[in-house]
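Before any comments, here is the structure.
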Amino acid sequence: MSIADKVEVRLRVNGEDTAIMVLPYKTLLEVLREDLGLTGTKHGCELGECSTCGVLVDGKPFLSCLAMPLDLEGREVTTIEGMARGREPHPLQVAFAELGAAQCGYCTPAMLLTAKALLDREPRPSREMIKQALSGVLCRCTGYLKIFEAVELAASRGSDG
Amino acid sequence: MASSNPGSMFIAGGTDLVPNLKRRQFDVPALISLNALPGMRLIDGDGERGVTIGAGVTLDELAHHPALDGAYRALAQACDQVSTPQVRCMGTLGGNLLVDPRCNYYNQTYSWRKAAGFCLKKDGDICLVARSSPRCWAVSSSDSAPVALALDATVTLHGVGGDRRVRAHELYKDDGIDYTTKRADEVIVSVEVPGSEARMTSAYWKLRRRPAFDFPILGVAVALSWDDGMVRAARGALGAVGSRPVEITAFLAPLNGRRPDDALIAEVADAADKPARPLDNTDLSHYWRKRMTRVYIERALREACGVDPLAGRLSAQVKAAAI
Amino acid sequence: MAEAFSVVGKSLTKPDAYAKVSGQTKFADDLSLPRMLFGRILRSPYPHARVLRVDTSAARELPGVLAVLTGDDLPVKFGILPVSQDEEALAREKVRYVGDPIAAVAATDEWIADEALGLIDVQFTELPHAMSIQEALAAQGEPIHGSSNVHKAVALEFGDTDAAMRVAEYVREDTVFFEGNTHLPMEQHAAVAQYAADGKLTLWTSSQTPHYVHRALGKVLELPMSRIRVIATPNGGGFGGKSDIFSHELVAAKFAMATGRPVKITLTREEVFYAHRGRHPVLMKVKTGFTRGGRITAMQFQSFLDGGGYGSYGVASTYYTGALQATTYAIPRYRFEAVRLFTNKPPCGPKRGHGTPQPRFALEIHFDKAAEELGVDPVELRRRNLPAPDSRTVNWLRITSCGLEDCINKVVDGSGFLRRRTSMPKGRGLGFAVSSYLSGAGTAIYWNDMPHSEVQLKLDRNGGVLLLCGAIDIGQGSDHILAAIVAEVLGVALDDIQLSTGDTDLTPIDLGSYSSRVTFMAGNAAKAAAESVRDRLFRAVANALHCDAADLTARDHRIYRSDRPADGLTFAQAVQRAEAQGGVVTGSGSYTPPNLAGPYKGSGVGPSPAYSYSAAVVEVDCDLKTGEVKVPEVWIAHDVGRAINPMLVIGQVEGSVYMALGEALMEEQTFRLGLHKFPSLLEYKSPTALEAPVMHTYLVETIDREGPFGAKEAGQGPLLPVIPAVANAVYDALRIRIDEIPITPEKVLKALNERDRRVGPKSVPTFSFPPLIKAEVPEEWKGK
Ligand SMILES: Cc1cc2nc3c(=O)[nH]c(=O)nc-3n(C[C@H](O)[C@H](O)[C@H](O)COP(=O)(O)OP(=O)(O)OC[C@H]3O[C@@H](n4cnc5c(N)ncnc54)[C@H](O)[C@@H]3O)c2cc1C
Ligand code: SF4
Ligand code: FES
Ligand code: FES
């Protein structure tokens with residue numbers, strides 16, 4: 001692949017604008033991990049079947065393994081690296097850590113971002129709403145309960161800190 | 001653009017197309033993004049006038065849109081049950097109507113298909129589901145498609161030859177490969193569901209193994225218009241039981257002009273599964289899917305009639321003495 | 001009085017939690033090195049075939065391809081068990097399942113590597129394939145290995161079971177099938193290899209068993225082990241699936257050596273299904289004799305394991321299908337016969353509960369049926385056959401602590417099992433089952449008389465503690481357990497402990513994160529290590545305070561006189577004293593399990609220094625018209641010995657229940673046309689958040705005398721009772737028996753319409769097991 005095959009993509013990731021040259025068929029997942037070094041975004045299938053690669057686009061949960069960067073120009077991408085406010089972890093991150101909601105931690109970035117999208121639109125969600133909102137992210141370790149509890153704990157503490 | 005790039009495909013949310021491309025189910029020289037097209041993301045109208053939905057509206061928006069609260073609830077239900085919140089935030093109505101028919105011999109990686117033997121739909125010359133069949137039986141797996149038929153929606157297409165409007169049931173062909181009458185250069189611009197001065201109710205029931213992620217292995221969409229407690233007209237369609245959404249409106253005709261009760265609904269549902277011909281190419285067995293069809297038709301009809309969907313009589317499968 | 005412990009027993013945040021919630025944890029695929037190449041593996045499209053020729057010339061020509069490997073480049077065979085050295089990194093003569101590796105390419109990116117795979121021309125001659133136990137036994141053509149498809153057959157008897165059956169007042173026999181399934185960790189396996197200019201090889205790999213990978217690399221690459229460093233990266237889920245040696249690990253290493261550049265191989269999700277080593281499909285026949293009062297007189301158990309294409313852990317798995325029957329119930333006479341067959345499927349191996357969920361499923365539904373016929377309730381039947389603490393089973397397994405009765409009481413009371421069962425609405429039901437599991441296998445995978453776990457500590461002058469251990473955290477929280485134990489003994493905080501784990505250059509041996517062994521074995525080693533440095537600190541402090549070392553306490557970052565707490569030094573001061581007196585303050589500890597083998601051949605599998613116990617009640621809600629089964633609520637009690645961190649233990653229990661429900665209701669590894677039916681995350685059904693039941697978890701603490709602070713295992717045992725409890729609940733709800741996992745809606749509807757209201761195997765194949773090895777029964781069972 002020569003440089004000639006590459007195209008310029010402008011992305012706004014975690015509040016920062018970047019312009020990079022990438023192969024046009026690379027997915028957002030690949031661009032984030034390989035070109036921008038943001039390896040916090042994981043992958044479990046790269047076919048849309050697990051949401052481990054979940055990020056937020058304009059605050060909504062998206063699958064980075066299916067999203068094409070060229071289509072995201074002008075939109076705001078948030079990854080796990082952008083979740084903390086400076087050195088201050090997001091209340092969801094604190095709650096996940098405190099309650100043991102991250103076992104192996106592999107689904108955790110997507111789980112956290114998806115939960116953030118929920119709390120941003122629904123600060124005090126019911127258990128049922130939490131289950132619905134997180135139903136797209138597979139976790140093989142926790143049985144999900146500690147994750148639900150962590151979202152509830154973060155909500156009760158107020159997700160904006 | 002499509003006409004100048006032969007073989008190129010449109011991409012909206014990409015949630016059906018991109019996995020298929022990764023599995024090398026298509027060889028596409030170029031993708032044409034529809035996301036920047038103006039007007040494709042609007043929803044306009046109400047129950048009386050009808051509602052026009054831009055093809056680029058996401059499933060997530062439709063699942064919660066107030067315009068789909070009443071008569072068109074089945075469409076919101078169908079969109080709300082597609083896969084996962086992630087897929088619904090990305091996926092569009094246009095893309096959903098055009099989901100490439102699925103088959104578990106086909107929605108597999110290239111190396112898997114090579115090991116199993118390529119099939120008619122891509123790279124091969126036989127159908128692995130029905131080996132003597134000259135055609136492909138891949139399954140229409142869209143949740144919104146049967147609803148579009150039940151609601152008698154009309155689709156507006158825009159292509160090099162200009163605009164044309166087709167009724168939903170004319171959009172599909174009974175073939176797992178060549179599944180749509182839409183021409184390659186045509187874009188779905190919008191979908192219009194007609195209004196009605198009569199009260200209308202609708203419901204969508206989806207059968208699948210898990211309550212998230214899974215494609216339908218049966219979908220039942222019904223829409224009823226009412227006259228003072230009596231059904232004026234019933235329409236319905238089944239999803240995932242053939243290569244296109246299958247009309248069951250004729251089978252629902254006994255409801256017309258009558259007040260549906262438990263017995264009538266059960267009787268109608270019992271007969272309405274006739275056109276369902278599931279094959280062994282999705283999750284779970286086709287016998288079971290066939291047996292579930294009347295149960296789900298009954299449940300959908302009951303919901304549209306405003307009675308407890310789970311309390312119906314179609315317990316044919318379960319012997320009364322069993323419990 | 002101060003609390004007994006300051007760290008142990010507390011639900012503290014684990015040391016790796018913040019790295020995980022911030023995305024900073026580096027998993028293997030997150031690693032990237034300058035000039036790194038990407039490797040891809042060409043896999044067999046045939047279930048069983050001879051490889052005639054592999055032509056890689058076109059692939060080598062492709063620009064961007066740096067190296068191509070075939071079996072001839074890695075000819076040395078390997079296998080996780082010394083008795084099963086039957087695998088090749090890349091198959092040379094024969095392929096044995098669709099997905100068996102044949103050749104590999106390293107290129108500058110994955111697309112080029114993929115393209116190059118397509119240019120490799122392989123010529124095969126197809127051989128007839130066997131895809132099930134029955135087909136493997138009936139196969140006429142060339143066997144999959146050697147002269148027969150029988151991989152391993154065992155037959156053991158403890159006392160005269162036939163005689164005991166004859167005098168039994170009630171005998172029943174059941175035939176049960178457990179379909180195979182897989183671990184499905186969310187992280188695909190990945191490995192990165194680097195061959196430095198000085199000829200040292202480093203492999204980062206998402207492995208549960210870096211020590212075994214290290215040994216295999218030495219053997220296959222024919223390098224001295226001192227020239228190889230294996231670093232296990234945090235595992236994004238393991239569940240047993242990353243405890244073998246995998247082709248991609250060896251291939252990445254070989255590529256690095258061949259090219260002098262770092263090489264990464266990450267498996268695709270499809271390839272993870274082929275790597276497998278998951279749950280064996282097992283067909284079982286169980287026959288038990290009872291007295292009229294419901295006491296077991298004898299049991300005869302047969303199992304047929306569908307092993308897939310290679311040995312892997314299979315010999316151990318085979319024994320495990322018969323080992324733990326008698327740790328769960330007091331069985332006076334016991335016969336066990338088993339055979340593992342090779343089939344043309346991805347090799348099976350250890351998955352959570354290794355070899356024991358299948359017999360557990362058979363046994364617990366068998367007991368439910370027996371209870372009904374004997375006219376006792378299912379709980380009472382279990383109560384009448386409880387194993388005794390501090391006893392030996394008829395097959396010589398030593399039981400220390402046993403909290404089974406307590407577990408039973410907790411779930412039966414919590415769920416209102418006896419009361420509610422009779423008054424449930426249509427389609428609802430409750431099921432009950434119990435189990436036991438190992439806290440680490442008593443014998444290592446390769447014979448040696450060295451410790452199974454070792455820990456080293458090094459203390460800094462400012463009071464920091466470096467903890468080195470070969471164990472790797474796979475999400476189960478082993479980092480926390482090690483740190484907590486050391487912090488407790490030394491009286492410091494978790495934050496004071498820096499861990500370095502799973503690195504064969506830096507860390508002393510731990511055999512790996514499998515077999516539920518880390519808390520017990522590495523925990524004991526950590527405790528011993530901490531005690532040895534504490535003794536040194538105590539001597540230094542005693543010297544300073546002019547008191548006796550035995551009178552000192554270490555707590556709250558201080559070492560002080562137990563009778564006069566104001567008299568003491570800070571922890572850092574203590575370290576400085578000790579260092580001034582004797583140089584660098586280090587300590588080490590090891591754990592070797594006691595010799596627990598019984599006096600018979602085959603006694604190496606099953607012994608464990610301690611057994612955990614569990615009991616579960618599961619509620620089901622069945623849709624009478626569709627046959628769908630939902631689980632709204634689960635009650636589970638687990639005897640963990642002591643919960644070093646209750647929150648983490650509950651996490652393990654909840655995760656086990658979740659995985660069990662998946663296996664009970666939907667997960668299955670099925671095949672068609674000679675290949676995996678759907679190797680994808682969409683079609684291999686793994687339960688979602690919406691299916692998570694309400695769970696009530698009860699921890700029972702029996703304070704095992706040999707466990708660290710009394711702890712036993714928690715990672716696997718709680719999975720065991722849940723699967724049969726689901727089946728028993730379905731029976732309670734619908735009066736149908738699904739004697740076959742998974743319990744799918746179609747099976748439920750079928751059973752409702754069958755005359756015998758049952759779906760399950762009718763019989764086991766005829767097979768002549770080897771002559772029984774007749775073992776003595778331990779003294780306490782003689783004459784019983
Ligand atoms: C794991 C998973 C589960 C899924 N489950 C479901 C499910 O349960 N039910 C279901 O219905 N779908 C399901 N899908 C399929 C898909 O995600 C949805 O159908 C989605 O709505 C497709 O919309 P899209 O915008 O992403 O389509 P795209 O992928 O962008 O396009 C799909 C097809 O439609 C064409 N197309 C798209 N928009 C237009 C237009 N306006 N005009 C002309 N052609 C157009 C494309 O060229 C392509 O052929 C699932 C997908 C995945 C990956
Ligand atoms: S129905 Fe037949 S031809 Fe069509 S995709 Fe499936 S196997 Fe291929
Ligand atoms: S990696 Fe599985 S959905 Fe993207
Ligand atoms: S914590 Fe391991 S997959 Fe969720």
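Every chain in the structure tokens has a letter given in the order shown (A, B, ...), and although residue numbers restart at 1 in each chain, ligands are simply numbered from 1 in the order shown.
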Applying 9 Å and only C-alpha atoms, which residues near Phe96 (chain A) remain after dropping the ones on its own chain fewer than 5 positions away? List them as an MDAnalysis selection string. (chainID A and resid 91 101:102 108 112 146:147 149:151 153:154) or (chainID C and resid 17:18 21)
Save out the residues we just selected, N, CA and C atoms, as a JSON list (two decimals), in the first residue's frame.
```
[["chain", "number", "residue", "atom", "x", "y", "z"],
["A", 91, "PRO", "N", -17.41, 9.52, 37.40],
["A", 91, "PRO", "CA", -18.05, 8.76, 38.49],
["A", 91, "PRO", "C", -18.35, 7.31, 38.11],
["A", 101, "ALA", "N", -16.82, -4.14, 39.06],
["A", 101, "ALA", "CA", -17.61, -4.34, 37.84],
["A", 101, "ALA", "C", -16.72, -4.61, 36.63],
["A", 102, "ALA", "N", -15.43, -4.44, 36.79],
["A", 102, "ALA", "CA", -14.50, -4.81, 35.72],
["A", 102, "ALA", "C", -13.72, -6.02, 36.21],
["A", 108, "THR", "N", -14.97, -3.53, 29.49],
["A", 108, "THR", "CA", -15.20, -2.37, 30.35],
["A", 108, "THR", "C", -15.23, -1.03, 29.61],
["A", 112, "LEU", "N", -18.54, 1.16, 29.91],
["A", 112, "LEU", "CA", -18.53, 2.46, 30.56],
["A", 112, "LEU", "C", -19.08, 3.55, 29.65],
["A", 146, "LYS", "N", -22.79, -6.78, 38.79],
["A", 146, "LYS", "CA", -21.95, -5.74, 39.40],
["A", 146, "LYS", "C", -21.92, -4.50, 38.49],
["A", 147, "ILE", "N", -22.09, -4.73, 37.20],
["A", 147, "ILE", "CA", -22.11, -3.61, 36.27],
["A", 147, "ILE", "C", -23.38, -2.78, 36.50],
["A", 149, "GLU", "N", -25.07, -2.61, 39.21],
["A", 149, "GLU", "CA", -24.94, -1.95, 40.52],
["A", 149, "GLU", "C", -24.01, -0.74, 40.42],
["A", 150, "ALA", "N", -22.97, -0.87, 39.64],
["A", 150, "ALA", "CA", -22.03, 0.24, 39.51],
["A", 150, "ALA", "C", -22.69, 1.43, 38.80],
["A", 151, "VAL", "N", -23.51, 1.15, 37.80],
["A", 151, "VAL", "CA", -24.20, 2.25, 37.12],
["A", 151, "VAL", "C", -25.15, 2.93, 38.10],
["A", 153, "LEU", "N", -24.83, 3.02, 41.33],
["A", 153, "LEU", "CA", -24.05, 3.77, 42.32],
["A", 153, "LEU", "C", -23.60, 5.12, 41.73],
["A", 154, "ALA", "N", -23.10, 5.07, 40.51],
["A", 154, "ALA", "CA", -22.65, 6.32, 39.88],
["A", 154, "ALA", "C", -23.83, 7.28, 39.72],
["C", 17, "ALA", "N", -7.81, -2.27, 39.16],
["C", 17, "ALA", "CA", -9.14, -1.77, 38.79],
["C", 17, "ALA", "C", -9.07, -0.47, 37.99],
["C", 18, "TYR", "N", -8.25, 0.47, 38.44],
["C", 18, "TYR", "CA", -8.25, 1.77, 37.75],
["C", 18, "TYR", "C", -7.63, 1.70, 36.36],
["C", 21, "VAL", "N", -10.56, 0.41, 34.24],
["C", 21, "VAL", "CA", -11.66, 1.32, 33.93],
["C", 21, "VAL", "C", -11.20, 2.53, 33.10]]
```
Per residue of chain B within 10 Å of chain C, note the shortest atom pair and the distance in Å to one decimal, counting only C-alpha atoms, and order the rows by chain and increasing residue number, as JSON lines.
```
{"residue": "B:Ser83", "atom": "CA", "partner": "C:Leu682", "partner_atom": "CA", "distance": 9.9}
{"residue": "B:Asn104", "atom": "CA", "partner": "C:Phe678", "partner_atom": "CA", "distance": 7.3}
{"residue": "B:Tyr105", "atom": "CA", "partner": "C:Lys677", "partner_atom": "CA", "distance": 8.5}
{"residue": "B:Asn107", "atom": "CA", "partner": "C:Phe678", "partner_atom": "CA", "distance": 9.1}
{"residue": "B:Gln108", "atom": "CA", "partner": "C:Phe678", "partner_atom": "CA", "distance": 7.5}
{"residue": "B:Thr109", "atom": "CA", "partner": "C:Glu270", "partner_atom": "CA", "distance": 8.1}
{"residue": "B:Ser111", "atom": "CA", "partner": "C:Pro45", "partner_atom": "CA", "distance": 7.5}
{"residue": "B:Trp112", "atom": "CA", "partner": "C:Pro45", "partner_atom": "CA", "distance": 7.6}
{"residue": "B:Arg113", "atom": "CA", "partner": "C:Pro45", "partner_atom": "CA", "distance": 9.2}
{"residue": "B:Lys114", "atom": "CA", "partner": "C:Pro45", "partner_atom": "CA", "distance": 7.0}
{"residue": "B:Ala115", "atom": "CA", "partner": "C:Pro45", "partner_atom": "CA", "distance": 4.2}
{"residue": "B:Ala116", "atom": "CA", "partner": "C:Leu673", "partner_atom": "CA", "distance": 6.4}
{"residue": "B:Gly117", "atom": "CA", "partner": "C:Leu673", "partner_atom": "CA", "distance": 9.1}
{"residue": "B:Leu128", "atom": "CA", "partner": "C:Leu673", "partner_atom": "CA", "distance": 9.7}
{"residue": "B:Leu207", "atom": "CA", "partner": "C:Thr626", "partner_atom": "CA", "distance": 9.8}
{"residue": "B:Arg209", "atom": "CA", "partner": "C:Lys685", "partner_atom": "CA", "distance": 7.9}
{"residue": "B:Arg210", "atom": "CA", "partner": "C:Pro687", "partner_atom": "CA", "distance": 7.1}
{"residue": "B:Pro211", "atom": "CA", "partner": "C:Leu690", "partner_atom": "CA", "distance": 6.7}
{"residue": "B:Ala212", "atom": "CA", "partner": "C:Thr688", "partner_atom": "CA", "distance": 6.9}
{"residue": "B:Phe213", "atom": "CA", "partner": "C:Leu682", "partner_atom": "CA", "distance": 7.0}
{"residue": "B:Asp214", "atom": "CA", "partner": "C:Leu682", "partner_atom": "CA", "distance": 6.9}
{"residue": "B:Phe215", "atom": "CA", "partner": "C:Leu682", "partner_atom": "CA", "distance": 9.1}
{"residue": "B:Thr282", "atom": "CA", "partner": "C:Glu683", "partner_atom": "CA", "distance": 9.1}
{"residue": "B:Asp283", "atom": "CA", "partner": "C:Glu683", "partner_atom": "CA", "distance": 7.2}
{"residue": "B:Leu284", "atom": "CA", "partner": "C:Glu746", "partner_atom": "CA", "distance": 7.7}
{"residue": "B:Ser285", "atom": "CA", "partner": "C:Glu746", "partner_atom": "CA", "distance": 7.5}
{"residue": "B:His286", "atom": "CA", "partner": "C:Glu746", "partner_atom": "CA", "distance": 9.9}
{"residue": "B:Tyr287", "atom": "CA", "partner": "C:Glu746", "partner_atom": "CA", "distance": 8.5}
{"residue": "B:Trp288", "atom": "CA", "partner": "C:Glu746", "partner_atom": "CA", "distance": 5.9}
{"residue": "B:Arg289", "atom": "CA", "partner": "C:Glu746", "partner_atom": "CA", "distance": 9.0}
{"residue": "B:Arg291", "atom": "CA", "partner": "C:Thr626", "partner_atom": "CA", "distance": 8.4}
{"residue": "B:Met292", "atom": "CA", "partner": "C:Thr626", "partner_atom": "CA", "distance": 6.5}
{"residue": "B:Thr293", "atom": "CA", "partner": "C:Thr626", "partner_atom": "CA", "distance": 10.0}
{"residue": "B:Val295", "atom": "CA", "partner": "C:Lys625", "partner_atom": "CA", "distance": 7.2}
{"residue": "B:Tyr296", "atom": "CA", "partner": "C:Thr626", "partner_atom": "CA", "distance": 9.2}
{"residue": "B:Leu310", "atom": "CA", "partner": "C:Asp623", "partner_atom": "CA", "distance": 9.1}
{"residue": "B:Gly312", "atom": "CA", "partner": "C:Lys625", "partner_atom": "CA", "distance": 9.7}
{"residue": "B:Arg313", "atom": "CA", "partner": "C:Lys625", "partner_atom": "CA", "distance": 9.6}
{"residue": "B:Leu314", "atom": "CA", "partner": "C:Lys625", "partner_atom": "CA", "distance": 7.6}
{"residue": "B:Ser315", "atom": "CA", "partner": "C:Lys625", "partner_atom": "CA", "distance": 5.8}
{"residue": "B:Ala316", "atom": "CA", "partner": "C:Lys625", "partner_atom": "CA", "distance": 8.1}
{"residue": "B:Gln317", "atom": "CA", "partner": "C:Lys625", "partner_atom": "CA", "distance": 6.4}
{"residue": "B:Val318", "atom": "CA", "partner": "C:Lys625", "partner_atom": "CA", "distance": 6.3}
{"residue": "B:Lys319", "atom": "CA", "partner": "C:Asn753", "partner_atom": "CA", "distance": 7.1}
{"residue": "B:Ala321", "atom": "CA", "partner": "C:Leu752", "partner_atom": "CA", "distance": 9.8}
{"residue": "B:Ala322", "atom": "CA", "partner": "C:Leu752", "partner_atom": "CA", "distance": 6.6}
{"residue": "B:Ile323", "atom": "CA", "partner": "C:Leu734", "partner_atom": "CA", "distance": 5.9}
```
I'd like the neighbourhood of Cys107 (chain A) as a count of residues only, where a residue qualifies if any of its atoms comes within 8 Å (using only C-alpha atoms), though same-chain residues fewer than 6 positions away should be ignored. 6
Return as a PyMOL selection string the full set of residues in region 299-402 of chain C whose backbone-based DSSP assignment is helix (DSSP H, G or I). chain C and resi 314-323+325-328+357-374+378-383
Identify, on the basis of only C-alpha atoms, every residue whose closest approach to Gly100 (chain A) does not exceed 12 Å; exclude the query and any residue fewer than 3 positions from it along the same chain; express the result as JSON, numbers by chain. {"A": [92, 93, 94, 95, 96, 97, 103, 104, 105, 108, 141, 142, 143, 144, 145, 146, 147, 148, 149, 150, 151], "C": [11, 12, 13, 14, 15, 16, 17, 18, 20, 21, 475, 476, 477, 480, 645, 646, 647, 648, 649, 650, 651, 652, 654, 655]}
Pick out the closest residue to ligand 3 from this set: A:Val22, A:Leu11, A:Leu66, A:Ile80. Count only C-alpha atoms and all ligand atoms.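 Checking each of A:Val22, A:Leu11, A:Leu66, A:Ile80 against ligand 3, counting only C-alpha atoms and all ligand atoms, the winner is A:Leu66.
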Please identify the residues whose atoms come within 8 Å of ligand 2, using only C-alpha atoms and all ligand atoms, and report them as a PyMOL selection string. chain B and resi 101-107+118-122+125-131+135-139+176-177+281
Restricted to C-alpha atoms, what would the selected residues look like written as an mmCIF file, in the first residue's frame?
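Okay, this is what ended up in out.cif:
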```cif
data_model
loop_
_atom_site.group_PDB
_atom_site.id
_atom_site.type_symbol
_atom_site.label_atom_id
_atom_site.label_comp_id
_atom_site.auth_asym_id
_atom_site.auth_seq_id
_atom_site.Cartn_x
_atom_site.Cartn_y
_atom_site.Cartn_z
ATOM 1 C CA PRO B 101 -31.193 -11.760 2.901
ATOM 2 C CA ARG B 102 -29.416 -14.016 5.334
ATOM 3 C CA CYS B 103 -28.508 -17.651 5.483
ATOM 4 C CA ASN B 104 -26.213 -19.373 7.901
ATOM 5 C CA TYR B 105 -24.341 -20.982 5.044
ATOM 6 C CA TYR B 106 -23.715 -17.546 3.608
ATOM 7 C CA ASN B 107 -23.220 -15.064 6.469
ATOM 8 C CA PHE B 118 -19.355 -21.950 -1.849
ATOM 9 C CA CYS B 119 -23.048 -21.581 -2.573
ATOM 10 C CA LEU B 120 -25.131 -19.983 -5.278
ATOM 11 C CA LYS B 121 -25.415 -16.693 -3.535
ATOM 12 C CA LYS B 122 -21.701 -16.033 -3.789
ATOM 13 C CA ASP B 125 -23.229 -23.021 -8.015
ATOM 14 C CA ILE B 126 -25.430 -24.966 -5.629
ATOM 15 C CA CYS B 127 -27.664 -24.119 -2.724
ATOM 16 C CA LEU B 128 -26.451 -25.846 0.431
ATOM 17 C CA VAL B 129 -29.866 -25.658 2.064
ATOM 18 C CA ALA B 130 -31.834 -27.187 -0.770
ATOM 19 C CA ARG B 131 -29.257 -28.874 -2.941
ATOM 20 C CA ARG B 135 -32.631 -20.639 -6.583
ATOM 21 C CA CYS B 136 -31.333 -19.163 -3.344
ATOM 22 C CA TRP B 137 -33.552 -19.359 -0.255
ATOM 23 C CA ALA B 138 -31.714 -16.826 1.891
ATOM 24 C CA VAL B 139 -34.067 -15.344 4.442
ATOM 25 C CA GLY B 176 -32.450 -14.722 -1.836
ATOM 26 C CA ILE B 177 -29.982 -13.100 -4.228
ATOM 27 C CA ASN B 281 -30.783 -21.874 7.415
#
```
Check chain A with DSSP on the backbone and list each residue it calls strand (DSSP E or B), as an MDAnalysis selection string. chainID A and resid 7:13 16:22 54:57 60:63 76:78 85 88
Give me, as a ChimeraX atom specification, the set of residues whose atoms come within 7 Å of any atom of ligand 1, counting only C-alpha atoms and all ligand atoms. /A:47-49 /B:9-19,34,55-56,59,81-83,87-88,90-100,141-144,186-189,213-216 /C:682
For a quick test of understanding: name the residues of chain A lying within 9 Å of chain B when counting only C-alpha atoms, and present them as an MDAnalysis selection string. chainID A and resid 46:51 54 60:63 65:68 71 114 132:137
Using only C-alpha atoms and all ligand atoms, pick whichever of A:His90, A:His43, A:Arg75, A:Arg85 has the shortest atom-to-atom distance to ligand 4.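 Looking only at the distances to ligand 4, the closest residue turns out to be A:His43.
Near Glu8 (chain A), within 12 Å and counting only C-alpha atoms, sit Ile3, Ala4, Asp5, Lys6, Arg10, Leu11, Thr18, Ala19, Ile20, Met21, Val22, Leu23, Pro24, Lys26, Val31, Pro69, Leu70 and Glu73 of chain A, not including residues fewer than 2 positions from it in the same chain.
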Surrounding residues of region 149-160 of chain B excluding itself and chain neighbours under 6 positions, 8 Å, only C-alpha atoms, as a PyMOL selection string: chain B and resi 3+72+166-169+171+182-183+185-194+221-223+235-237+245+247+249
Go through C:Asp377, C:Glu531, C:Glu271, C:Asp72 and flag the residue nearest chain A, using only C-alpha atoms for the distances. C:Glu271
Write out as a Markdown table a residue-level contact list of chain C versus ligand 4 with cut-off 9 Å: for each qualifying residue the closest pair of atoms and the distance in Å to one decimal, counting only C-alpha atoms and all ligand atoms, rows sorted by chain and residue number upward.
```
| residue | atom | partner | partner_atom_place_in_ligand_line | distance |
| --- | --- | --- | --- | --- |
| C:Pro185 | CA | ligand 4 | 3 (S) | 6.8 |
| C:Met186 | CA | ligand 4 | 3 (S) | 5.3 |
| C:Glu187 | CA | ligand 4 | 3 (S) | 7.7 |
| C:Asn235 | CA | ligand 4 | 2 (Fe) | 8.7 |
| C:Gly236 | CA | ligand 4 | 2 (Fe) | 5.8 |
| C:Gly237 | CA | ligand 4 | 2 (Fe) | 5.3 |
| C:Gly238 | CA | ligand 4 | 2 (Fe) | 8.9 |
| C:Ile474 | CA | ligand 4 | 2 (Fe) | 8.5 |
| C:Gly475 | CA | ligand 4 | 2 (Fe) | 6.4 |
```
Determine the nearest neighbour of chain C from the options A:Glu76, A:Glu98, A:Glu30, A:Glu88, counting only C-alpha atoms. A:Glu98
Closest of A:Cys45, A:Leu113, A:Ala84, A:Val13 to ligand 3 - atom-to-atom distances counting only C-alpha atoms and all ligand atoms: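 With only C-alpha atoms and all ligand atoms as the atom set, the closest residue is A:Cys45.
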In Å, how far is it from CA of Ile265 (chain B) to CA of Arg199 (chain B)?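 Taking CA of Ile265 (chain B) and CA of Arg199 (chain B), their separation equals 19.1 Å.
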Env of Glu110 (chain C): 10 Å cut, atoms = only C-alpha atoms, seq-sep filter 5 positions within chain, self excluded. Answer as a ChimeraX atom specification. /C:37-40,105,115-116,264-266
